[in-house]
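A short worksheet on the structure shown next.
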Amino acid sequence: MSASRFSSDVYAHRLAAAASAAADAGLAGLVITPGYDLRYLVGSRAQTFERLTALVLPADGDPTIVVPRLELAALKHSAVPELGLAVQDWVDGDDPYALVGQALGSGKAVAVTDSMPALHLLPLADVLGAVPVLATGVLRRLRMIKDAAEIDALRKAGAAIDRVHARVPQFLAPGRTEADVAADIAESIVAEGHSAVAFIIVGSGPHGADPHHECSDRELRAGDIVVVDIGGPYEPGYNSDSTRTYSIGEPDPDVARRYAVLQRAQQAAVAAVRPGVTAEQVDAAARDVLAAEGLADAFVHRTGHGIGLSVHEEPYIVAGNTLTLEEGMAFSVEPGIYFPGEWGARIEDIVVVTADGAMALNTRPHELVVVPTGAS
């Protein structure tokens with residue numbers, strides 16, 4: 001096993017579970033091209049090119065990897081060699097889609113990963129004589145319910161991003177730009193153990209009212225409220241994502257009052273998390289606190305999103321999602337309040353559903369962090 005993936009028995013279990021789920025769905029099998037689904041199932045970080053690479057997973061039968069001969073080396077860091085999966089390599093002039101059909105055996109009801117490019121989907125449909133369906137319905141529950149290895153990886157990622165947030169106050173000083181701060185944060189994300197930077201939001205003053213602002217050349221000023229939302233992958237590729245809000249100097253009393261309401265809303269949402277509760281009930285728990293204080297219109301996005309190999313994945317914690325939470329699900333709880341042209345604030349933790357509640361993977365204080373204006 002390498003640091004870039006789990007042990008092979010983790011992937012063996014996932015392959016068996018995915019094949020069983022495909023059979024239960026009445027499918028002949030799954031065809032998974034490079035992307036997060038392939039990485040989840042066999043630990044492969046192969047990329048998609050014009051030549052087809054695919055995991056063919058029959059509902060009843062042995063998996064096969066169809067791969068261009070010139071891409072064989074890309075498999076050596078995955079679990080494929082240890083798992084002893086059959087590898088069907090091909091060269092230019094061969095028909096890889098026919099190889100997929102042969103590996104599937106009988107049956108045309110096939111599901112493909114939602115990231116499969118059309119340039120592979122259409123020739124595959126021709127070979128099968130039917131348009132495949134999406135494998136999302138088969139794989140979504142497997143990917144939503146994190147196993148012990150995944151939870152451990154997410155816990156390490158959460159601790160690493162907490163260490164970055166602990167550094168942030170030293171970067172926030174009047175006269176520095178958001179871009180300056182973001183550069184320091186990027187360096188810290190890697191220094192604290194992440195393999196890369198996924199995203200950095202430094203929203204100061206009125207920019208904090210834009211939930212998806214990144215960073216700019218705006219200079220920080222005394223009195224600014226600054227939203228810092230950061231994350232990245234931590235080997236073997238599971239992501240962190242945490243937001244804290246900072247005040248450069250003591251905040252205006254009305255800002256402090258509204259922020260305290262946001263803090264209660266975030267706490268209420270986390271407290272609502274447990275098996276049997278629906279995703280929309282967690283969203284409502286945050287929204288109701290804000291609405292009671294006249295801040296409903298200031299909360300303009302969902303309360304959270306699932307996280308794992310992808311920063312955003314199911315389950316989505318949003319109104320209308322009646323999905324029942326189960327032990328092992330991992331997602332963000334991140335209500336925010338936004339006042340266009342003025343300021344914004346957000347508090348975000350990643351939580352994992354436990355047998356009787358939620359385990360927060362981020363433990364930095366939730367209070368508005370006051371940075372003395374003399375900090376440097």
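So you can find residues: chains in the structure tokens are A, B, ... in the order shown, residues in each start at 1, and ligands are numbered from 1 in order.
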Item to complete: Give me the residues within 12 Å of A:Leu41 as a VMD selection string, counting only C-alpha atoms and dropping any in the same chain fewer than 3 places off.
Response: chain A and resid 5 to 19 30 to 38 44 to 45 54 to 57 63 65 78 to 80 83 113 139 142 to 143 309
Worksheet item: So which residues of stretch 107-353 of chain A fall under strand (DSSP E or B) by DSSP, listed as a count of residues only?
Response: 61
Report as CSV the residues of stretch 249-301 of chain A within 6 Å of stretch 326-340 of chain A, each with its shortest atom pair and distance in Å (one decimal), using only C-alpha atoms, ordered by chain and increasing residue number.
residue,atom,partner,partner_atom,distance
A:Pro275,CA,A:Glu326,CA,4.7
A:Ala298,CA,A:Ile337,CA,4.8
A:Phe299,CA,A:Ile337,CA,4.9
Discussion item. Report as JSON, numbers by chain all protein, DNA and RNA residues lying within 7 Å of A:Ala59, evaluated on only C-alpha atoms, omitting residues in the same chain fewer than 3 positions from it.
Written reply: {"A": [19, 20, 22, 23, 27, 28, 29]}
Tell me, as a PDB file with N, CA and C atoms, in the first residue's frame, which residues lie within 8 Å of A:Ile201, counting only C-alpha atoms; anything in the same chain fewer than 5 positions away does not count.
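The new file around02.pdb reads:
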ATOM      1  N   ALA A 182      -4.220  35.115   1.022  1.00  0.00           N
ATOM      2  CA  ALA A 182      -4.466  33.830   0.372  1.00  0.00           C
ATOM      3  C   ALA A 182      -3.160  33.105   0.060  1.00  0.00           C
ATOM      4  N   HIS A 212     -19.167  32.998  -2.697  1.00  0.00           N
ATOM      5  CA  HIS A 212     -18.183  32.339  -3.547  1.00  0.00           C
ATOM      6  C   HIS A 212     -17.078  33.278  -4.029  1.00  0.00           C
ATOM      7  N   HIS A 213     -16.893  34.391  -3.327  1.00  0.00           N
ATOM      8  CA  HIS A 213     -15.737  35.242  -3.609  1.00  0.00           C
ATOM      9  C   HIS A 213     -14.469  34.423  -3.367  1.00  0.00           C
ATOM     10  N   GLU A 214     -13.431  34.694  -4.110  1.00  0.00           N
ATOM     11  CA  GLU A 214     -12.162  34.000  -3.884  1.00  0.00           C
ATOM     12  C   GLU A 214     -11.188  34.946  -3.164  1.00  0.00           C
ATOM     13  N   CYS A 215     -10.463  35.746  -3.900  1.00  0.00           N
ATOM     14  CA  CYS A 215      -9.621  36.760  -3.291  1.00  0.00           C
ATOM     15  C   CYS A 215      -9.352  37.829  -4.332  1.00  0.00           C
ATOM     16  N   VAL A 227     -14.206  36.723   5.961  1.00  0.00           N
ATOM     17  CA  VAL A 227     -14.596  35.320   5.856  1.00  0.00           C
ATOM     18  C   VAL A 227     -13.443  34.540   5.225  1.00  0.00           C
ATOM     19  N   VAL A 228     -12.996  33.497   5.915  1.00  0.00           N
ATOM     20  CA  VAL A 228     -11.902  32.662   5.409  1.00  0.00           C
ATOM     21  C   VAL A 228     -12.397  31.222   5.311  1.00  0.00           C
ATOM     22  N   ASP A 229     -12.598  30.761   4.085  1.00  0.00           N
ATOM     23  CA  ASP A 229     -13.107  29.421   3.791  1.00  0.00           C
ATOM     24  C   ASP A 229     -12.025  28.699   3.004  1.00  0.00           C
ATOM     25  N   ILE A 230     -11.484  27.605   3.567  1.00  0.00           N
ATOM     26  CA  ILE A 230     -10.302  26.976   2.984  1.00  0.00           C
ATOM     27  C   ILE A 230     -10.393  25.453   3.063  1.00  0.00           C
TER      28      ILE A 230
END
Item to complete: Kindly give the distance, in Å, that separates atom CA of A:Val282 and atom CA of A:Glu348, rounded to a single decimal.
Response: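 Taking atom CA of A:Val282 and atom CA of A:Glu348, their separation equals 13.8 Å.
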Worksheet entry | Among the residues A:Ile185, A:Ala272, A:Ile145, A:Leu220, the one that comes closest to A:Glu313 [using only C-alpha atoms] |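 Of the candidates, the smallest distance to A:Glu313 is held by A:Ile145.
Counting only C-alpha atoms and comparing A:Glu192, A:Glu150, A:Asp180, A:Asp241, the residue that lies closest to A:Arg167 is A:Glu192.
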Practice prompt. Find the residues around A:Asp126 up to 12 Å (only C-alpha atoms counted), leave out those fewer than 4 positions away in its own chain, and share them as a ChimeraX atom specification.
Written response: /A:95,97-98,100-101,108,119-122,130-132
Discussion item. I need the residue nearest A:Gly208 from this list: A:Glu342, A:Trp90, A:Gly237, A:Thr354. Use only C-alpha atoms for the distance.
Written reply: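 Closest candidate: A:Glu342.
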Item to complete: Check the DSSP output for the backbone and give back, as a PyMOL selection string, the residues of stretch 54-217 of chain A in helix (DSSP H, G or I).
Response: chain A and resi 69-75+80-83+96-104+118-128+136-144+148-171+178-191+205-209
Pick out the residues sitting within 9 Å of A:Ile189, and hand them over as a PDB file with all heavy atoms, in the first residue's frame; count only C-alpha atoms, and ignore anything fewer than 5 positions along from it in its own chain.
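Below is the file out16.pdb, written as the result:
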ATOM      1  N   ALA A 160      -5.752  19.052  10.130  1.00  0.00           N
ATOM      2  CA  ALA A 160      -4.754  19.829   9.388  1.00  0.00           C
ATOM      3  C   ALA A 160      -5.286  21.215   9.039  1.00  0.00           C
ATOM      4  O   ALA A 160      -4.575  22.220   9.179  1.00  0.00           O
ATOM      5  CB  ALA A 160      -4.342  19.078   8.121  1.00  0.00           C
ATOM      6  N   ILE A 161      -6.539  21.302   8.598  1.00  0.00           N
ATOM      7  CA  ILE A 161      -7.078  22.623   8.240  1.00  0.00           C
ATOM      8  C   ILE A 161      -7.332  23.454   9.489  1.00  0.00           C
ATOM      9  O   ILE A 161      -7.247  24.692   9.447  1.00  0.00           O
ATOM     10  CB  ILE A 161      -8.344  22.493   7.367  1.00  0.00           C
ATOM     11  CG1 ILE A 161      -8.454  23.707   6.420  1.00  0.00           C
ATOM     12  CG2 ILE A 161      -9.589  22.341   8.204  1.00  0.00           C
ATOM     13  CD1 ILE A 161      -7.367  23.805   5.399  1.00  0.00           C
ATOM     14  N   ARG A 163      -5.291  23.513  11.954  1.00  0.00           N
ATOM     15  CA  ARG A 163      -3.971  24.105  12.229  1.00  0.00           C
ATOM     16  C   ARG A 163      -3.714  25.310  11.328  1.00  0.00           C
ATOM     17  O   ARG A 163      -3.047  26.271  11.735  1.00  0.00           O
ATOM     18  CB  ARG A 163      -2.874  23.048  12.043  1.00  0.00           C
ATOM     19  CG  ARG A 163      -2.944  21.911  13.064  1.00  0.00           C
ATOM     20  CD  ARG A 163      -1.670  21.063  13.054  1.00  0.00           C
ATOM     21  NE  ARG A 163      -1.439  20.359  11.795  1.00  0.00           N
ATOM     22  CZ  ARG A 163      -1.902  19.157  11.509  1.00  0.00           C
ATOM     23  NH1 ARG A 163      -2.667  18.502  12.383  1.00  0.00           N
ATOM     24  NH2 ARG A 163      -1.621  18.565  10.353  1.00  0.00           N
ATOM     25  N   VAL A 164      -4.246  25.265  10.107  1.00  0.00           N
ATOM     26  CA  VAL A 164      -4.104  26.416   9.215  1.00  0.00           C
ATOM     27  C   VAL A 164      -4.909  27.590   9.754  1.00  0.00           C
ATOM     28  O   VAL A 164      -4.418  28.726   9.808  1.00  0.00           O
ATOM     29  CB  VAL A 164      -4.549  26.065   7.784  1.00  0.00           C
ATOM     30  CG1 VAL A 164      -4.440  27.293   6.883  1.00  0.00           C
ATOM     31  CG2 VAL A 164      -3.701  24.925   7.223  1.00  0.00           C
ATOM     32  N   ASP A 184      -0.352  33.298   1.745  1.00  0.00           N
ATOM     33  CA  ASP A 184       0.154  32.751   3.007  1.00  0.00           C
ATOM     34  C   ASP A 184      -0.635  31.510   3.418  1.00  0.00           C
ATOM     35  O   ASP A 184      -0.073  30.526   3.920  1.00  0.00           O
ATOM     36  CB  ASP A 184       0.058  33.802   4.118  1.00  0.00           C
ATOM     37  CG  ASP A 184       1.093  34.907   3.976  1.00  0.00           C
ATOM     38  OD1 ASP A 184       2.145  34.660   3.362  1.00  0.00           O
ATOM     39  OD2 ASP A 184       0.845  36.019   4.484  1.00  0.00           O
ATOM     40  N   HIS A 194      -1.474  18.907   3.801  1.00  0.00           N
ATOM     41  CA  HIS A 194      -2.286  18.650   2.617  1.00  0.00           C
ATOM     42  C   HIS A 194      -1.387  18.418   1.402  1.00  0.00           C
ATOM     43  O   HIS A 194      -0.286  18.956   1.323  1.00  0.00           O
ATOM     44  CB  HIS A 194      -3.213  19.832   2.324  1.00  0.00           C
ATOM     45  CG  HIS A 194      -4.280  20.049   3.359  1.00  0.00           C
ATOM     46  ND1 HIS A 194      -4.028  20.686   4.551  1.00  0.00           N
ATOM     47  CD2 HIS A 194      -5.598  19.725   3.367  1.00  0.00           C
ATOM     48  CE1 HIS A 194      -5.149  20.744   5.259  1.00  0.00           C
ATOM     49  NE2 HIS A 194      -6.118  20.159   4.562  1.00  0.00           N
ATOM     50  N   SER A 195      -1.888  17.652   0.450  1.00  0.00           N
ATOM     51  CA  SER A 195      -1.109  17.405  -0.761  1.00  0.00           C
ATOM     52  C   SER A 195      -1.274  18.527  -1.776  1.00  0.00           C
ATOM     53  O   SER A 195      -0.473  18.651  -2.703  1.00  0.00           O
ATOM     54  CB  SER A 195      -1.531  16.077  -1.393  1.00  0.00           C
ATOM     55  OG  SER A 195      -2.919  16.047  -1.654  1.00  0.00           O
ATOM     56  N   ALA A 196      -2.320  19.344  -1.616  1.00  0.00           N
ATOM     57  CA  ALA A 196      -2.566  20.435  -2.547  1.00  0.00           C
ATOM     58  C   ALA A 196      -3.577  21.391  -1.922  1.00  0.00           C
ATOM     59  O   ALA A 196      -4.124  21.128  -0.855  1.00  0.00           O
ATOM     60  CB  ALA A 196      -3.088  19.913  -3.885  1.00  0.00           C
ATOM     61  N   VAL A 197      -3.805  22.496  -2.608  1.00  0.00           N
ATOM     62  CA  VAL A 197      -4.832  23.460  -2.213  1.00  0.00           C
ATOM     63  C   VAL A 197      -6.039  23.258  -3.115  1.00  0.00           C
ATOM     64  O   VAL A 197      -5.907  23.265  -4.346  1.00  0.00           O
ATOM     65  CB  VAL A 197      -4.320  24.908  -2.356  1.00  0.00           C
ATOM     66  CG1 VAL A 197      -5.427  25.906  -2.041  1.00  0.00           C
ATOM     67  CG2 VAL A 197      -3.113  25.138  -1.459  1.00  0.00           C
ATOM     68  N   ILE A 230     -11.484  27.605   3.567  1.00  0.00           N
ATOM     69  CA  ILE A 230     -10.302  26.976   2.984  1.00  0.00           C
ATOM     70  C   ILE A 230     -10.393  25.453   3.063  1.00  0.00           C
ATOM     71  O   ILE A 230     -11.087  24.891   3.909  1.00  0.00           O
ATOM     72  CB  ILE A 230      -9.012  27.444   3.693  1.00  0.00           C
ATOM     73  CG1 ILE A 230      -9.119  27.255   5.212  1.00  0.00           C
ATOM     74  CG2 ILE A 230      -8.718  28.897   3.355  1.00  0.00           C
ATOM     75  CD1 ILE A 230      -7.883  27.652   5.989  1.00  0.00           C
ATOM     76  N   GLY A 231      -9.671  24.794   2.155  1.00  0.00           N
ATOM     77  CA  GLY A 231      -9.624  23.343   2.200  1.00  0.00           C
ATOM     78  C   GLY A 231      -8.716  22.774   1.139  1.00  0.00           C
ATOM     79  O   GLY A 231      -8.262  23.472   0.231  1.00  0.00           O
ATOM     80  N   GLY A 232      -8.478  21.479   1.257  1.00  0.00           N
ATOM     81  CA  GLY A 232      -7.641  20.796   0.288  1.00  0.00           C
ATOM     82  C   GLY A 232      -7.608  19.308   0.562  1.00  0.00           C
ATOM     83  O   GLY A 232      -8.048  18.845   1.615  1.00  0.00           O
TER      84      GLY A 232
END
Worksheet entry | Residue with smallest distance to A:Gln267 - pool A:Pro58, A:Gly107, A:Pro68, A:Pro365, counting only C-alpha atoms |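 Going through A:Pro58, A:Gly107, A:Pro68, A:Pro365 one by one, the smallest distance to A:Gln267 is for A:Pro365.
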